[in-house]
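Colleague: I'm passing along query38.tsv; it holds TSV, C-alpha atoms and all ligand atoms.
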chain	number	residue	atom	x	y	z
A	301	MET	CA	12.93	6.80	31.89
A	302	PRO	CA	9.75	6.49	33.96
A	303	LEU	CA	9.06	3.40	36.04
A	304	TRP	CA	6.52	1.88	33.69
A	305	ASN	CA	7.99	-1.54	34.21
A	306	ALA	CA	7.28	-1.64	37.94
A	307	PRO	CA	4.39	-4.10	38.51
A	308	PRO	CA	1.81	-1.72	40.06
A	309	TYR	CA	2.12	0.71	37.14
A	310	VAL	CA	1.92	-2.05	34.56
A	311	ALA	CA	-1.22	-3.48	36.15
A	312	ARG	CA	-2.79	-0.03	36.25
A	313	MET	CA	-1.85	0.68	32.66
A	314	GLN	CA	-3.34	-2.64	31.52
A	315	ARG	CA	-6.62	-1.79	33.27
A	316	GLN	CA	-6.70	1.72	31.81
A	317	VAL	CA	-6.05	0.54	28.27
A	318	LEU	CA	-8.64	-2.27	28.48
A	319	GLN	CA	-11.29	0.01	29.97
A	320	TRP	CA	-10.64	2.64	27.34
A	321	PHE	CA	-10.80	0.07	24.54
A	322	THR	CA	-14.10	-1.39	25.85
A	323	SER	CA	-15.77	2.01	25.66
A	324	GLN	CA	-13.98	3.60	22.67
A	325	ALA	CA	-13.15	0.80	20.21
A	326	ARG	CA	-14.27	1.55	16.67
A	327	ASP	CA	-16.77	-0.85	15.19
A	328	LEU	CA	-14.64	-2.45	12.46
A	329	PRO	CA	-15.77	-5.47	10.43
A	330	TRP	CA	-12.73	-7.61	11.30
A	331	ARG	CA	-13.55	-7.18	14.98
A	332	GLN	CA	-16.65	-9.34	14.49
A	333	ASN	CA	-16.48	-13.15	14.19
A	334	ILE	CA	-12.75	-12.96	14.86
A	335	SER	CA	-10.61	-15.76	13.43
A	336	PRO	CA	-6.88	-16.00	12.65
A	337	TYR	CA	-7.65	-15.91	8.92
A	338	ARG	CA	-9.86	-12.79	9.08
A	339	THR	CA	-7.40	-11.02	11.41
A	340	TRP	CA	-4.51	-11.94	9.13
A	341	ILE	CA	-6.19	-10.37	6.08
A	342	SER	CA	-6.96	-7.19	8.03
A	343	GLU	CA	-3.43	-6.91	9.42
A	344	ILE	CA	-1.83	-7.28	5.99
A	345	MET	CA	-4.21	-4.76	4.41
A	346	LEU	CA	-3.67	-2.27	7.23
A	347	GLN	CA	0.09	-2.15	6.63
A	348	GLN	CA	0.74	1.28	5.09
A	349	THR	CA	-3.00	1.84	4.48
A	350	GLN	CA	-5.64	3.82	6.39
A	351	VAL	CA	-8.45	1.98	8.20
A	352	THR	CA	-11.16	3.83	6.25
A	353	THR	CA	-9.65	2.70	2.93
A	354	VAL	CA	-9.25	-0.89	4.07
A	355	ILE	CA	-12.85	-1.52	5.23
A	356	ASP	CA	-14.45	-2.09	1.80
A	357	TYR	CA	-11.45	-3.96	0.42
A	358	TRP	CA	-11.47	-6.29	3.44
A	359	LYS	CA	-15.22	-6.98	3.10
A	360	ARG	CA	-14.94	-7.80	-0.61
A	361	PHE	CA	-11.88	-9.94	-0.04
A	362	VAL	CA	-13.28	-12.14	2.73
A	363	GLN	CA	-16.58	-12.43	0.91
A	364	ARG	CA	-14.83	-13.76	-2.20
A	365	PHE	CA	-12.24	-15.78	-0.23
A	366	PRO	CA	-13.90	-16.75	3.05
A	367	THR	CA	-11.22	-19.33	3.95
A	368	VAL	CA	-7.53	-19.97	3.51
A	369	LYS	CA	-8.42	-22.82	1.15
A	370	ALA	CA	-10.51	-20.55	-1.09
A	371	LEU	CA	-7.63	-18.06	-1.25
A	372	ALA	CA	-5.07	-20.78	-1.95
A	373	ALA	CA	-7.18	-22.13	-4.82
A	374	ALA	CA	-7.54	-18.72	-6.53
A	375	ASP	CA	-5.49	-17.44	-9.45
A	376	GLU	CA	-2.98	-14.77	-8.51
A	377	SER	CA	-4.53	-12.41	-11.06
A	378	GLU	CA	-7.89	-12.58	-9.27
A	379	VAL	CA	-6.23	-11.84	-5.92
A	380	LEU	CA	-4.44	-8.86	-7.47
A	381	LYS	CA	-7.65	-7.63	-9.06
A	382	LEU	CA	-9.35	-7.52	-5.64
A	383	TRP	CA	-6.28	-5.72	-4.32
A	384	GLU	CA	-6.24	-3.16	-7.13
A	385	GLY	CA	-5.97	0.36	-5.71
A	386	LEU	CA	-4.65	-0.68	-2.27
A	387	GLY	CA	-1.05	-0.44	-3.50
A	388	TYR	CA	2.04	-2.28	-2.23
A	389	TYR	CA	1.06	-5.33	-4.31
A	390	ARG	CA	3.84	-7.42	-2.85
A	391	ARG	CA	1.54	-7.80	0.16
A	392	ALA	CA	-1.14	-9.46	-2.01
A	393	ARG	CA	1.34	-11.78	-3.69
A	394	GLN	CA	2.79	-12.84	-0.35
A	395	LEU	CA	-0.69	-13.32	1.12
A	396	HIS	CA	-1.52	-15.65	-1.74
A	397	ALA	CA	1.80	-17.53	-1.41
A	398	ALA	CA	1.22	-17.87	2.34
A	399	ALA	CA	-2.30	-19.26	1.74
A	400	ARG	CA	-0.81	-21.90	-0.56
A	401	GLN	CA	1.83	-22.73	2.04
A	402	ILE	CA	-0.88	-23.13	4.71
A	403	ALA	CA	-2.91	-25.34	2.37
A	404	GLU	CA	0.13	-27.57	1.83
A	405	ARG	CA	1.70	-27.69	5.27
A	406	HIS	CA	-1.24	-27.11	7.64
A	407	ALA	CA	-4.14	-28.70	5.74
A	408	GLY	CA	-5.64	-25.27	5.06
A	409	GLN	CA	-5.97	-24.35	8.76
A	410	PHE	CA	-4.26	-21.09	9.72
A	411	PRO	CA	-1.50	-22.15	12.18
A	412	THR	CA	-1.69	-21.01	15.77
A	413	SER	CA	1.92	-21.57	16.82
A	414	TYR	CA	4.01	-18.40	16.79
A	415	ASP	CA	6.94	-20.04	14.95
A	416	ASP	CA	4.65	-21.47	12.25
A	417	VAL	CA	3.01	-18.09	11.70
A	418	LEU	CA	6.35	-16.31	11.59
A	419	ALA	CA	7.53	-18.75	8.91
A	420	LEU	CA	4.79	-17.61	6.49
A	421	PRO	CA	5.68	-15.21	3.64
A	422	GLY	CA	4.98	-11.56	4.45
A	423	ILE	CA	4.69	-12.06	8.22
A	424	GLY	CA	7.16	-10.51	10.63
A	425	ARG	CA	7.33	-10.32	14.39
A	426	TYR	CA	4.70	-7.58	14.67
A	427	THR	CA	2.14	-9.23	12.37
A	428	ALA	CA	2.53	-12.66	13.99
A	429	GLY	CA	2.05	-11.10	17.43
A	430	ALA	CA	-0.98	-9.09	16.31
A	431	ILE	CA	-2.72	-12.03	14.60
A	432	LEU	CA	-2.19	-14.46	17.44
A	433	SER	CA	-2.89	-12.07	20.30
A	434	ILE	CA	-6.08	-10.78	18.69
A	435	SER	CA	-7.50	-14.05	17.39
A	436	THR	CA	-6.20	-16.63	19.89
A	437	ASN	CA	-5.44	-14.49	22.96
A	438	GLN	CA	-1.78	-15.44	23.13
A	439	SER	CA	0.23	-13.04	25.23
A	440	LEU	CA	2.50	-11.59	22.53
A	441	PRO	CA	3.84	-8.04	22.22
A	442	ILE	CA	3.33	-5.74	19.23
A	443	LEU	CA	5.23	-2.82	17.77
A	444	GLU	CA	4.04	-0.96	14.65
A	445	GLY	CA	3.73	2.65	13.49
A	446	ASN	CA	1.14	3.80	16.04
A	447	THR	CA	2.61	1.95	19.00
A	448	ILE	CA	6.15	3.09	18.19
A	449	ARG	CA	4.95	6.68	18.59
A	450	LEU	CA	2.88	5.88	21.69
A	451	TYR	CA	5.63	3.95	23.48
A	452	ALA	CA	8.29	6.53	22.53
A	453	ARG	CA	6.14	9.20	24.17
A	454	LEU	CA	5.37	7.07	27.21
A	455	LEU	CA	9.08	6.44	27.65
A	456	GLY	CA	10.15	10.02	26.88
A	457	MET	CA	12.44	8.70	24.14
A	458	LYS	CA	13.96	11.77	22.47
A	459	THR	CA	16.08	10.05	19.83
A	460	ASP	CA	14.97	8.44	16.57
A	461	PRO	CA	12.70	5.52	17.62
A	462	THR	CA	13.52	3.60	14.42
A	463	ARG	CA	17.21	3.36	15.43
A	464	SER	CA	18.09	-0.24	16.19
A	465	ASP	CA	18.97	0.32	19.87
A	466	ASN	CA	15.69	2.18	20.36
A	467	GLN	CA	13.74	-0.55	18.56
A	468	LYS	CA	15.20	-3.06	21.04
A	469	GLU	CA	14.16	-0.81	23.91
A	470	LEU	CA	10.63	-0.45	22.50
A	471	TRP	CA	10.21	-4.21	21.99
A	472	LYS	CA	11.42	-4.76	25.55
A	473	PHE	CA	8.83	-2.26	26.75
A	474	ALA	CA	6.10	-3.96	24.67
A	475	GLU	CA	7.02	-7.35	26.18
A	476	SER	CA	6.95	-5.96	29.69
A	477	ILE	CA	3.43	-4.53	29.47
A	478	VAL	CA	1.45	-7.17	27.53
A	479	PRO	CA	-0.97	-8.91	29.93
A	480	SER	CA	-1.72	-12.63	30.11
A	481	ARG	CA	-5.47	-11.95	30.12
A	482	ASN	CA	-7.05	-10.21	27.14
A	483	PRO	CA	-3.76	-9.47	25.32
A	484	GLY	CA	-5.66	-9.09	22.03
A	485	ASP	CA	-7.92	-6.31	23.34
A	486	PHE	CA	-4.94	-4.74	25.11
A	487	ASN	CA	-2.85	-4.68	21.92
A	488	GLN	CA	-5.74	-3.34	19.87
A	489	GLY	CA	-6.38	-0.73	22.58
A	490	LEU	CA	-2.76	0.45	22.36
A	491	MET	CA	-2.87	0.69	18.56
A	492	GLU	CA	-6.19	2.53	18.76
A	493	ILE	CA	-4.91	4.98	21.38
A	494	GLY	CA	-1.86	5.50	19.16
A	495	SER	CA	-3.92	6.24	16.07
A	496	GLN	CA	-6.89	8.10	17.60
A	497	VAL	CA	-5.47	9.91	20.64
A	498	CYS	CA	-1.68	9.96	20.55
A	499	ARG	CA	-1.64	11.31	17.01
A	500	LEU	CA	1.55	12.59	15.44
A	501	LYS	CA	0.13	16.11	15.09
A	502	SER	CA	-1.91	17.52	17.98
A	503	PRO	CA	-2.27	14.49	20.25
A	504	ASP	CA	-5.38	14.72	22.44
A	505	CYS	CA	-3.53	14.35	25.75
A	506	PRO	CA	-6.42	15.49	27.98
A	507	ALA	CA	-8.48	12.56	26.62
A	508	CYS	CA	-5.66	10.01	26.95
A	509	PRO	CA	-6.11	7.23	29.52
A	510	LEU	CA	-2.33	7.12	30.06
A	511	LYS	CA	-1.70	10.82	30.68
A	512	SER	CA	-1.07	10.55	34.42
A	513	ARG	CA	2.32	8.86	33.92
A	514	CYS	CA	3.25	10.24	30.51
A	515	PRO	CA	6.47	12.32	30.59
A	516	THR	CA	5.75	13.70	27.12
A	517	PHE	CA	2.47	15.20	28.32
A	518	GLN	CA	3.95	16.42	31.59
A	519	ASN	CA	6.90	18.11	29.89
A	520	GLN	CA	5.08	19.22	26.74
A	521	TRP	CA	7.44	17.24	24.50
A	522	GLN	CA	4.72	16.30	22.00
A	523	ASP	CA	6.42	18.24	19.19
A	524	ILE	CA	9.83	16.66	19.71
A	525	ILE	CA	8.76	13.04	20.35
A	526	PRO	CA	8.86	10.98	18.20
A	527	ALA	CA	12.20	12.39	17.00
A	528	ALA	CA	12.71	12.70	13.25
A	529	LYS	CA	14.46	9.91	11.41
A	530	GLU	CA	18.20	10.42	11.49
A	531	LYS	CA	18.83	9.42	7.91
A	532	ARG	CA	16.52	11.07	5.45
A	533	THR	CA	15.43	9.12	2.42
A	534	GLN	CA	17.15	10.36	-0.72
A	535	TYR	CA	14.48	10.74	-3.39
A	536	GLU	CA	15.21	10.24	-7.06
A	537	SER	CA	13.32	11.99	-9.84
A	538	ARG	CA	12.00	9.92	-12.74
A	539	PHE	CA	10.34	11.06	-15.95
A	540	GLU	CA	7.99	8.49	-17.43
A	541	THR	CA	5.32	8.44	-20.11
A	542	ILE	CA	2.36	6.12	-20.58
A	543	ALA	CA	1.76	5.44	-24.29
A	544	LEU	CA	-1.77	4.42	-25.24
A	545	ILE	CA	-1.32	2.54	-28.49
A	546	GLU	CA	-4.67	1.81	-30.10
A	547	ARG	CA	-5.56	-0.35	-33.09
A	548	ARG	CA	-9.10	-1.27	-34.14
A	549	GLY	CA	-10.52	-0.46	-30.72
A	550	LYS	CA	-7.91	-2.51	-28.84
A	551	TYR	CA	-5.08	-1.34	-26.62
A	552	LEU	CA	-1.50	-2.50	-26.37
A	553	CYS	CA	-0.82	-3.88	-22.89
A	554	ARG	CA	1.38	-6.41	-21.15
A	555	LEU	CA	1.42	-8.45	-17.99
A	556	VAL	CA	4.49	-7.20	-16.11
A	557	PRO	CA	6.89	-10.13	-15.64
A	558	ALA	CA	8.40	-11.31	-12.35
A	559	GLY	CA	11.24	-9.23	-10.98
A	560	GLN	CA	9.99	-5.93	-12.41
A	561	ARG	CA	8.04	-3.16	-10.73
A	562	TRP	CA	4.33	-4.17	-10.56
A	563	ALA	CA	5.07	-7.81	-11.44
A	564	GLY	CA	1.83	-9.74	-11.93
A	565	LEU	CA	-0.16	-6.60	-12.78
A	566	TRP	CA	-0.96	-5.23	-16.23
A	567	ASP	CA	0.35	-2.02	-17.73
A	568	PHE	CA	0.13	0.01	-20.92
A	569	VAL	CA	3.35	0.81	-22.79
A	570	ARG	CA	5.51	2.82	-20.39
A	571	ILE	CA	8.63	4.67	-21.48
A	572	ASP	CA	11.24	6.10	-19.16
A	573	LEU	CA	12.95	9.28	-20.44
A	574	THR	CA	14.95	10.01	-17.27
A	575	ASP	CA	18.28	9.38	-19.03
A	576	GLN	CA	17.43	12.19	-21.49
A	577	ILE	CA	16.61	14.83	-18.87
A	578	HIS	CA	19.85	16.63	-18.27
A	579	ASN	CA	18.62	19.03	-15.63
A	580	ILE	CA	16.45	17.27	-13.10
A	581	ASP	CA	15.20	20.55	-11.58
A	582	VAL	CA	13.95	21.81	-14.95
A	583	GLY	CA	12.54	18.39	-15.83
A	584	TYR	CA	10.72	17.74	-19.09
A	585	GLN	CA	11.32	21.31	-20.26
A	586	THR	CA	14.97	20.49	-20.92
A	587	LEU	CA	13.73	18.80	-24.11
A	588	ASP	CA	11.44	20.44	-26.63
A	589	GLU	CA	8.14	18.68	-27.32
A	590	GLN	CA	9.14	17.52	-30.78
A	591	ARG	CA	12.36	15.95	-29.54
A	592	GLN	CA	10.46	14.21	-26.74
A	593	ARG	CA	7.94	12.82	-29.22
A	594	GLN	CA	10.69	11.53	-31.51
A	595	LEU	CA	12.43	9.85	-28.60
A	596	LEU	CA	9.17	8.32	-27.41
A	597	GLU	CA	8.27	7.01	-30.87
A	598	SER	CA	11.66	5.41	-31.28
A	599	ARG	CA	11.53	3.84	-27.80
A	600	VAL	CA	8.00	2.58	-28.36
A	601	GLN	CA	9.29	0.89	-31.51
A	602	GLU	CA	12.29	-0.60	-29.70
A	603	THR	CA	10.05	-1.88	-26.93
A	604	THR	CA	7.07	-3.15	-28.88
A	605	GLY	CA	8.19	-3.41	-32.52
A	606	LEU	CA	5.40	-1.03	-33.63
A	607	GLU	CA	5.70	2.26	-35.50
A	608	THR	CA	3.44	4.94	-34.07
A	609	GLN	CA	2.55	8.61	-34.44
A	610	LEU	CA	2.15	9.89	-30.96
A	611	SER	CA	0.26	12.95	-29.77
A	612	TRP	CA	0.20	14.37	-26.25
A	613	THR	CA	-2.85	13.89	-24.07
A	614	PRO	CA	-3.71	16.36	-21.30
A	615	TRP	CA	-3.42	13.62	-18.65
A	616	THR	CA	-0.34	14.07	-16.47
A	617	ILE	CA	0.37	13.39	-12.80
A	618	ARG	CA	3.13	13.34	-10.21
A	619	HIS	CA	3.35	10.38	-7.88
A	620	GLY	CA	5.76	8.56	-5.60
A	621	VAL	CA	6.83	4.91	-5.61
A	622	THR	CA	9.24	3.93	-2.81
A	623	ARG	CA	12.18	6.34	-3.21
A	624	TYR	CA	11.19	7.57	-6.67
A	625	ARG	CA	9.35	10.80	-7.37
A	626	ILE	CA	7.80	10.33	-10.78
A	627	GLN	CA	6.45	12.86	-13.26
A	628	LEU	CA	4.16	10.91	-15.53
A	629	ARG	CA	2.93	12.22	-18.88
A	630	SER	CA	0.86	10.42	-21.49
A	631	VAL	CA	0.64	10.07	-25.25
A	632	HIS	CA	-1.85	8.41	-27.57
A	633	SER	CA	-1.48	6.89	-31.01
A	634	GLN	CA	-4.23	5.56	-33.27
A	635	ARG	CA	-1.87	5.27	-36.24
A	636	VAL	CA	0.05	2.09	-35.80
A	637	GLN	CA	2.09	0.02	-38.22
A	638	GLY	CA	4.02	-3.20	-37.96
A	639	ARG	CA	3.80	-6.32	-35.85
A	640	ILE	CA	4.32	-6.76	-32.14
A	641	LYS	CA	7.84	-7.97	-31.31
A	642	SER	CA	7.44	-11.59	-30.36
A	643	ALA	CA	9.37	-11.59	-27.07
A	644	SER	CA	7.98	-8.25	-25.89
A	645	GLY	CA	5.00	-9.75	-24.02
A	646	PHE	CA	2.64	-7.11	-25.43
A	647	GLN	CA	-0.83	-8.01	-26.64
A	648	TRP	CA	-4.00	-6.25	-27.74
A	649	LEU	CA	-6.75	-5.99	-25.10
A	650	THR	CA	-10.32	-4.80	-25.55
A	651	LEU	CA	-11.59	-2.04	-23.29
A	652	HIS	CA	-13.61	-4.66	-21.43
A	653	GLN	CA	-10.45	-6.70	-20.78
A	654	VAL	CA	-8.63	-3.58	-19.63
A	655	GLN	CA	-11.40	-3.04	-17.12
A	656	GLU	CA	-11.40	-6.68	-15.98
A	657	HIS	CA	-7.64	-7.29	-15.59
A	658	PRO	CA	-5.68	-6.01	-12.57
A	659	PHE	CA	-3.69	-2.91	-13.58
A	660	ASN	CA	-1.21	-0.93	-11.51
A	661	VAL	CA	-2.59	2.16	-9.85
A	662	THR	CA	-1.37	4.84	-12.30
A	663	ALA	CA	-2.41	2.82	-15.36
A	664	ARG	CA	-5.87	2.41	-13.79
A	665	LYS	CA	-6.08	6.15	-13.10
A	666	PHE	CA	-5.07	6.88	-16.67
A	667	CYS	CA	-7.77	4.51	-17.90
A	668	GLU	CA	-10.45	6.09	-15.71
A	669	GLN	CA	-9.47	9.71	-16.20
A	670	TYR	CA	-8.49	9.70	-19.88
A	671	LEU	CA	-9.42	6.56	-21.78
A	672	LEU	CA	-12.95	5.92	-20.47
A	673	PRO	CA	-14.16	9.57	-20.82
A	674	LEU	CA	-12.70	9.61	-24.34
A	675	LYS	CA	-14.61	6.47	-25.33
A	676	GLN	CA	-17.82	7.73	-23.70
A	677	GLN	CA	-17.51	10.98	-25.63
A	678	ALA	CA	-16.94	9.09	-28.89
A	679	THR	CA	-20.00	6.87	-28.23
A	680	ALA	CA	-22.16	9.90	-27.42
A	681	GLN	CA	-21.12	11.61	-30.68
A	682	ARG	CA	-21.92	8.48	-32.71
A	683	THR	CA	-25.38	8.07	-31.18
A	684	GLN	CA	-26.43	11.73	-31.51
A	685	PRO	CA	-29.43	12.05	-33.90
A	686	ARG	CA	-28.60	13.76	-37.23
A	687	GLN	CA	-29.91	17.29	-37.55
A	701	LIG	FE1	0.37	10.41	23.86
A	701	LIG	FE2	-0.46	12.56	25.18
A	701	LIG	FE3	-1.26	10.11	25.89
A	701	LIG	FE4	1.22	10.87	26.33
A	701	LIG	S1	-0.63	11.74	27.23
A	701	LIG	S2	0.56	8.93	25.51
A	701	LIG	S3	1.62	12.15	24.54
A	701	LIG	S4	-1.72	11.19	23.98
Show me this structure written as structure tokens.
Modeller:
Amino acid sequence: MPLWNAPPYVARMQRQVLQWFTSQARDLPWRQNISPYRTWISEIMLQQTQVTTVIDYWKRFVQRFPTVKALAAADESEVLKLWEGLGYYRRARQLHAAARQIAERHAGQFPTSYDDVLALPGIGRYTAGAILSISTNQSLPILEGNTIRLYARLLGMKTDPTRSDNQKELWKFAESIVPSRNPGDFNQGLMEIGSQVCRLKSPDCPACPLKSRCPTFQNQWQDIIPAAKEKRTQYESRFETIALIERRGKYLCRLVPAGQRWAGLWDFVRIDLTDQIHNIDVGYQTLDEQRQRQLLESRVQETTGLETQLSWTPWTIRHGVTRYRIQLRSVHSQRVQGRIKSASGFQWLTLHQVQEHPFNVTARKFCEQYLLPLKQQATAQRTQPRQ
């Protein structure tokens, strides 16, 4: 491994990163009027989400909840509504729980001690280090997606950087380079170099401020570092259907209870037919359409208590949730009989309520791409002058 840890190199690296960051930093809204609260919101939103997507969400969020106290006082459903579309909703729920904890234990002031921050829900070693180094200039190391790749390349690490021994090595490296002056700008500079210059595909090595001591650049190892994960995720196929059950202009929906996927968000009726698909590679075609419809109608009845006559809609997508690869189809029924099963949690919502409540991302897509155009078409037909 190169001698990055020797003091002269570390000092030079710190200067190079800080100089680069001063001239190249992107103008991002959370980099103005920096406070622990504003940095915290940005760091949580940026987990697993691109900067360009986060910008508008962050602005709306801090405008509606400008302080920890405002966030703590909000209903969870309002927090989830502002989060709608960002995905990974657990982040929003933990953010809200952490705000309540801060209101209770720290009188609504975001704590500035590392141990207190680390004790908050949804905050790990990286996030605590990022928040406190950026907003209070505490000399704390960071290690996240972009810096894992950057450090692995700077160290010439050819084995899987997510392996626990390599993670230890990377944290040690991060600790050894973080300066006592301007650690926040230094850490942001490293993350920015990681995301903008030391990209996974085609890193821009000639433009990199750290190229002079980078073994990956010198040996042209960019394609082999970072090494692939040793254990590949095993994906599971799932076959689900959204059922739009409509009665007198209202739609059958439920607030997903705690402990289930998308807890705290709303959903339409959703039926899983995976247990009926005998050949995963062939998928839905293993069952003829009529058999599928019968199964769906009987499961809708079991789930909701209602008898329906379902017809296919053209809306269908494929999407991924954690380790699941889901093929999602949709059906619609305007012929409905019976009463909602009392313990099912389902209720009738108007279209306005569907638009106002926080829905999970595929239900929202279904609403925007199928339900809303359908209603607009129906309204246009009704208002057309008679010939
Ligand atoms: Fe990454 Fe290239 Fe810079 Fe090395 S020189 S840190 S590989 S961008």
Colleague: Return as a VMD selection string the residues of protein, DNA or RNA that approach ligand LIG 701 (chain A) to within 8 Å, with all atoms listed in the file taken into account.
Modeller: chain A and resid 449 to 451 453 to 454 493 to 494 497 to 499 503 to 518 521 to 522
Colleague: Tell me, counting only C-alpha atoms, for each residue of range 472-581 of chain A within 9 Å of range 379-389 of chain A, which pair of atoms is nearest and how far apart they are in Å to one decimal, in rows ordered by chain and increasing number, as CSV.
Modeller:
residue,atom,partner,partner_atom,distance
A:Trp562,CA,A:Tyr389,CA,7.1
A:Ala563,CA,A:Tyr389,CA,8.5
A:Gly564,CA,A:Leu380,CA,7.7
A:Leu565,CA,A:Leu380,CA,7.2
Colleague: When you look at range 359-368 of chain A with a cut-off of 6 Å (counting all atoms listed in the file), what residues show up, excluding the ones that are within fewer than 3 positions of it in the same chain? I need them as a ChimeraX atom specification.
Modeller: /A:356,371,399,408
Colleague: One decimal, in Å: what's the spacing between CA of Phe486 in chain A and CA of Gln319 in chain A?
Modeller: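 The value is 9.3 Å.
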Colleague: Do a neighbour search on range 630-647 of chain A at 10 Å with all atoms listed in the file, toss out local chain neighbours closer than 6 positions, and write the hits as an MDAnalysis selection string.
Modeller: chainID A and resid 540:557 567:571 593 596:597 601:617 666 670:671
Colleague: Report, in Å to a single decimal, how far apart CA of Leu440 in chain A and CA of Ala428 in chain A are.
Modeller: 8.6 Å
Colleague: Could you name the residues that touch His578 in chain A at 12 Å or less, counting only C-alpha atoms, but leaving out those on the same chain fewer than 6 positions away, as a list of chain:residue names?
Modeller: A:Ser537, A:Arg538, A:Phe539, A:Tyr584, A:Gln585, A:Thr586, A:Leu587
Colleague: Could you tell me how far CA of Pro441 in chain A lies from CA of Gly456 in chain A, in Å and to one decimal?
Modeller: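 Those two atoms sit 19.7 Å apart.
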Colleague: Per residue of range 351-450 of chain A within 8 Å of range 333-341 of chain A, what are the shortest atom pair and its distance in Å to one decimal, counting only C-alpha atoms, with rows by chain and residue number, as a Markdown table?
Modeller:
| residue | atom | partner | partner_atom | distance |
| --- | --- | --- | --- | --- |
| A:Trp358 | CA | A:Ile341 | CA | 7.2 |
| A:Val362 | CA | A:Arg338 | CA | 7.2 |
| A:Thr367 | CA | A:Tyr337 | CA | 7.0 |
| A:Val368 | CA | A:Tyr337 | CA | 6.8 |
| A:Leu395 | CA | A:Ile341 | CA | 8.0 |
| A:Phe410 | CA | A:Tyr337 | CA | 6.2 |
| A:Thr412 | CA | A:Pro336 | CA | 7.9 |
| A:Thr427 | CA | A:Trp340 | CA | 7.9 |
| A:Ile431 | CA | A:Thr339 | CA | 5.8 |
| A:Leu432 | CA | A:Pro336 | CA | 6.9 |
| A:Ile434 | CA | A:Thr339 | CA | 7.4 |
| A:Ser435 | CA | A:Pro336 | CA | 5.2 |
| A:Thr436 | CA | A:Pro336 | CA | 7.3 |
Colleague: Nearest to Gln347 in chain A: which of A:Pro673, A:Pro658, A:Gly422, A:Gly620 is it, counting all atoms listed in the file?
Modeller: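 Smallest distance to Gln347 in chain A is found for A:Gly422.
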Colleague: Of the candidates A:Gly583, A:Gln314, A:Phe321, A:His406, which one gets nearest to Ser480 in chain A if we count only C-alpha atoms?
Modeller: A:Gln314
Colleague: Please determine the residues with any atom at most 12 Å from (16.6, 6.2, 17.8) (coordinates as given in the file, with only C-alpha atoms counting) and report them as a short mmCIF file (atom, residue, chain, number, x, y, z; two decimals) with C-alpha atoms, in the coordinates of the input.
Modeller:
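Dumped to point_3.cif:
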data_model
loop_
_atom_site.label_atom_id
_atom_site.label_comp_id
_atom_site.auth_asym_id
_atom_site.auth_seq_id
_atom_site.Cartn_x
_atom_site.Cartn_y
_atom_site.Cartn_z
CA ILE A 448 6.15 3.09 18.19
CA ARG A 449 4.95 6.68 18.59
CA ALA A 452 8.29 6.53 22.53
CA GLY A 456 10.15 10.02 26.88
CA MET A 457 12.44 8.70 24.14
CA LYS A 458 13.96 11.77 22.47
CA THR A 459 16.08 10.05 19.83
CA ASP A 460 14.97 8.44 16.57
CA PRO A 461 12.70 5.52 17.62
CA THR A 462 13.52 3.60 14.42
CA ARG A 463 17.21 3.36 15.43
CA SER A 464 18.09 -0.24 16.19
CA ASP A 465 18.97 0.32 19.87
CA ASN A 466 15.69 2.18 20.36
CA GLN A 467 13.74 -0.55 18.56
CA LYS A 468 15.20 -3.06 21.04
CA GLU A 469 14.16 -0.81 23.91
CA LEU A 470 10.63 -0.45 22.50
CA ILE A 525 8.76 13.04 20.35
CA PRO A 526 8.86 10.98 18.20
CA ALA A 527 12.20 12.39 17.00
CA ALA A 528 12.71 12.70 13.25
CA LYS A 529 14.46 9.91 11.41
CA GLU A 530 18.20 10.42 11.49
CA LYS A 531 18.83 9.42 7.91
#
Colleague: Could you add whatever atoms are missing so that range 615-620 of chain A carries N, CA, C and O atoms, then write the result as a PDB file, in the coordinates of the input?
Modeller:
ATOM      1  N   TRP A 615      -3.509  14.329 -19.952  1.00  0.00           N
ATOM      2  CA  TRP A 615      -3.420  13.620 -18.650  1.00  0.00           C
ATOM      3  C   TRP A 615      -1.961  13.549 -18.188  1.00  0.00           C
ATOM      4  O   TRP A 615      -1.111  13.001 -18.879  1.00  0.00           O
ATOM      5  N   THR A 616      -1.696  14.088 -17.026  1.00  0.00           N
ATOM      6  CA  THR A 616      -0.340  14.070 -16.470  1.00  0.00           C
ATOM      7  C   THR A 616      -0.441  14.109 -14.947  1.00  0.00           C
ATOM      8  O   THR A 616      -1.303  14.793 -14.403  1.00  0.00           O
ATOM      9  N   ILE A 617       0.389  13.343 -14.270  1.00  0.00           N
ATOM     10  CA  ILE A 617       0.370  13.390 -12.800  1.00  0.00           C
ATOM     11  C   ILE A 617       1.795  13.282 -12.242  1.00  0.00           C
ATOM     12  O   ILE A 617       2.710  12.885 -12.943  1.00  0.00           O
ATOM     13  N   ARG A 618       1.887  13.601 -10.952  1.00  0.00           N
ATOM     14  CA  ARG A 618       3.130  13.340 -10.210  1.00  0.00           C
ATOM     15  C   ARG A 618       2.783  12.332  -9.138  1.00  0.00           C
ATOM     16  O   ARG A 618       1.728  12.453  -8.505  1.00  0.00           O
ATOM     17  N   HIS A 619       3.634  11.345  -8.943  1.00  0.00           N
ATOM     18  CA  HIS A 619       3.350  10.380  -7.880  1.00  0.00           C
ATOM     19  C   HIS A 619       4.656   9.807  -7.349  1.00  0.00           C
ATOM     20  O   HIS A 619       5.728   9.984  -7.935  1.00  0.00           O
ATOM     21  N   GLY A 620       4.565   9.124  -6.225  1.00  0.00           N
ATOM     22  CA  GLY A 620       5.760   8.560  -5.600  1.00  0.00           C
ATOM     23  C   GLY A 620       5.657   7.058  -5.500  1.00  0.00           C
ATOM     24  O   GLY A 620       4.594   6.525  -5.193  1.00  0.00           O
TER      25      GLY A 620
END
